[in-house]
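*Asks:* One structure is given below, represented as structure tokens, and several questions about it will come after.
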Amino acid sequence: MLPRYWWVAFAAYALVSAVHIVALAVGADELAAPTKIALMPMLFLAVALATRKPRGVAIGLLLAAITASWLGDSAGFFFPALPTLPLMIGFFALAHLVYIWLFMKHLAVRRIPRWSIVFALWWIVLIVVLWPHLGGLAIAVALYGLVLGGTAAASTRASRIVTWGGVLFLTSDTLLAFLLFTPEFVPPLTDPAVMLTYTLGQGLIAAGTVLAVSRMNRTTHTEARTI
């Protein structure tokens with residue numbers, strides 16, 4: 001069973017996310033920077049408080065993906081002497097690979113639906129549109145897009161909460177790609193929109209995983225008592 005007030009830590013994550021998004025929208029950089037670095041640690045804490053020991057492989061993978069995402073968010077802060085964008089791509093690619101493992105091996109409750117072909121079409125359109133603007137990062141972005149699309153497709157095997165999280169994460173990175181490589185074409189407030197979809201996506205994936213693991217554990221305990 002979940003701890004009685006497991007949702008409180010997730011509410012705290014939601015609050016920090018809201019503060020960060022508003023800070024971006026109003027240009028309060030002195031508040032936006034530290035709250036961005038705090039996002040994934042807050043989500044990590046929420047998952048840790050919402051689960052009981054031993055947490056198992058699924059929660060371990062979730063925490064690993066959140067940690068890799070935190071390093072991606074904070075690459076410029078922790079590694080100022082290294083190129084930030086390639087580091088971000090690398091850390092988030094690692095996070096997505098862990099998420100694919102989690103969704104396919106530990107949270108799968110259905111087959112990948114036929115409509116998930118839309119993620120392949122998304123990748124083709126994204127790369128065709130952005131390719132002239134990617135320069136030396138073209139191959140890295142194309143490979144990262146494959147991993148990102150793979151995460152969204154894999155999320156369709158899990159619960160609807162996790163699937164929505166995967167779709168929102170993909171939406172966030174799509175907006176971010178246009179913000180980074182074609183900034184002259186993006187509308188105002190794209191940056192807050194990136195973080196709104198990102199924080200919602202990560203939060204839904206985390207909450208959906210916690211709920212799914214709780215249900216699986218409850219079912220296992222029930223079956224054990226009936227044997």
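All residue names refer to the structure tokens as shown: chains lettered A, B, ... in order, residues numbered from 1 in each chain, ligands numbered from 1 in order.
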Per DSSP on the backbone, filter stretch 50-221 of chain A down to the residues in alpha helix (DSSP H) and report them as a ChimeraX atom specification.
*Replies:* /A:50,56-73,75-78,84-105,117-134,138-155,160-181,190-221
*Asks:* At a cut-off of 7 Å, using only C-alpha atoms, what residues contact stretch 65-67 of chain A? Leave out same-chain residues fewer than 5 positions from it and give the result as a VMD selection string.
*Replies:* chain A and resid 40 44 95 98 to 99
*Asks:* Smallest atom-to-atom distance to A:Ile100: which of A:Ala58, A:Ala207, A:Ala11, A:Ile161, using only C-alpha atoms?
*Replies:*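 Smallest separation from A:Ile100 among the options: A:Ala58.
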*Asks:* Between A:Ile205, A:Leu121, A:Leu61, A:Leu196, which is the closest to A:Leu15 once you count only C-alpha atoms?
*Replies:*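 For A:Leu15, the nearest of the given residues is A:Leu196.
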*Asks:* Nearest to A:Ala108 among A:Ala153, A:Val26, A:Trp7, A:Phe181, with distances taken over only C-alpha atoms: which residue is it?
*Replies:* A:Ala153
*Asks:* Go through A:Ala177, A:Val213, A:Val162, A:Val167 and flag the residue nearest A:Pro54, using only C-alpha atoms for the distances.
*Replies:*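 Of all the options, A:Val213 lies closest to A:Pro54.
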*Asks:* Excluding same-chain residues fewer than 4 positions from stretch 75-77 of chain A, what lies within 8 Å of it counting only C-alpha atoms, as a ChimeraX atom specification?
*Replies:* /A:71,82-84,87-88
*Asks:* In Å to one decimal, how far is atom CA of A:Val210 from atom CA of A:Ala50?
*Replies:*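 Calculated distance between atom CA of A:Ala50 and atom CA of A:Val210 is 7.2 Å.
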*Asks:* Using atom CA of A:Ser69 and atom CA of A:Phe91 as the two end points, give the distance in Å to one decimal.
*Replies:*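 Value for the atom CA of A:Ser69-atom CA of A:Phe91 distance: 6.4 Å.
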*Asks:* Within 12 Å of A:Ser214, counting only C-alpha atoms, which residues qualify if same-chain residues fewer than 4 places away don't, as a ChimeraX atom specification?
*Replies:* /A:1-3,6,47,50-53,55-56,58-59,107,207-210,218-221
*Asks:* Store the residues of this selection in a file with C-alpha atoms, as a tab-separated table (two decimals), in the first residue's frame.
*Replies:*
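Saved to again-v4.tsv:
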```tsv
chain	number	residue	atom	x	y	z
A	1	MET	CA	0.00	0.00	0.00
A	2	LEU	CA	1.00	3.59	-0.53
A	3	PRO	CA	1.92	5.72	2.49
A	6	TRP	CA	2.16	10.02	-0.38
A	47	VAL	CA	8.98	8.99	-5.34
A	50	ALA	CA	5.69	7.47	-1.79
A	51	THR	CA	7.31	4.03	-1.89
A	52	ARG	CA	8.35	1.55	0.75
A	53	LYS	CA	11.52	-0.49	1.09
A	55	ARG	CA	11.53	-0.57	-3.58
A	56	GLY	CA	12.33	-3.08	-6.32
A	58	ALA	CA	10.90	-0.61	-11.29
A	59	ILE	CA	11.27	2.16	-8.72
A	107	LEU	CA	5.10	-1.56	-16.47
A	207	ALA	CA	3.11	9.08	-10.28
A	208	GLY	CA	1.92	6.48	-12.78
A	209	THR	CA	4.88	4.24	-11.99
A	210	VAL	CA	4.35	4.57	-8.23
A	218	ARG	CA	-0.97	-5.38	-3.56
A	219	THR	CA	-1.95	-8.07	-6.06
A	220	THR	CA	1.13	-10.13	-5.19
A	221	HIS	CA	0.39	-9.92	-1.46
```
*Asks:* Counting only C-alpha atoms, which of A:Leu180, A:Val8, A:Leu45, A:Val16 gets nearest to A:Leu134?
*Replies:* A:Leu180
*Asks:* Which residue, A:Thr174, A:Ser155, A:Thr35, A:Thr163, has the smallest gap to A:Thr190 when you use only C-alpha atoms?
*Replies:*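 Of A:Thr174, A:Ser155, A:Thr35, A:Thr163, the one nearest A:Thr190 is A:Thr174, counting only C-alpha atoms.
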*Asks:* Write out as a VMD selection string the residues lying within 10 Å of A:Leu175, counting only C-alpha atoms and excluding same-chain residues fewer than 2 positions away.
*Replies:* chain A and resid 170 to 173 177 to 180 186 190 to 191 193 to 195 197
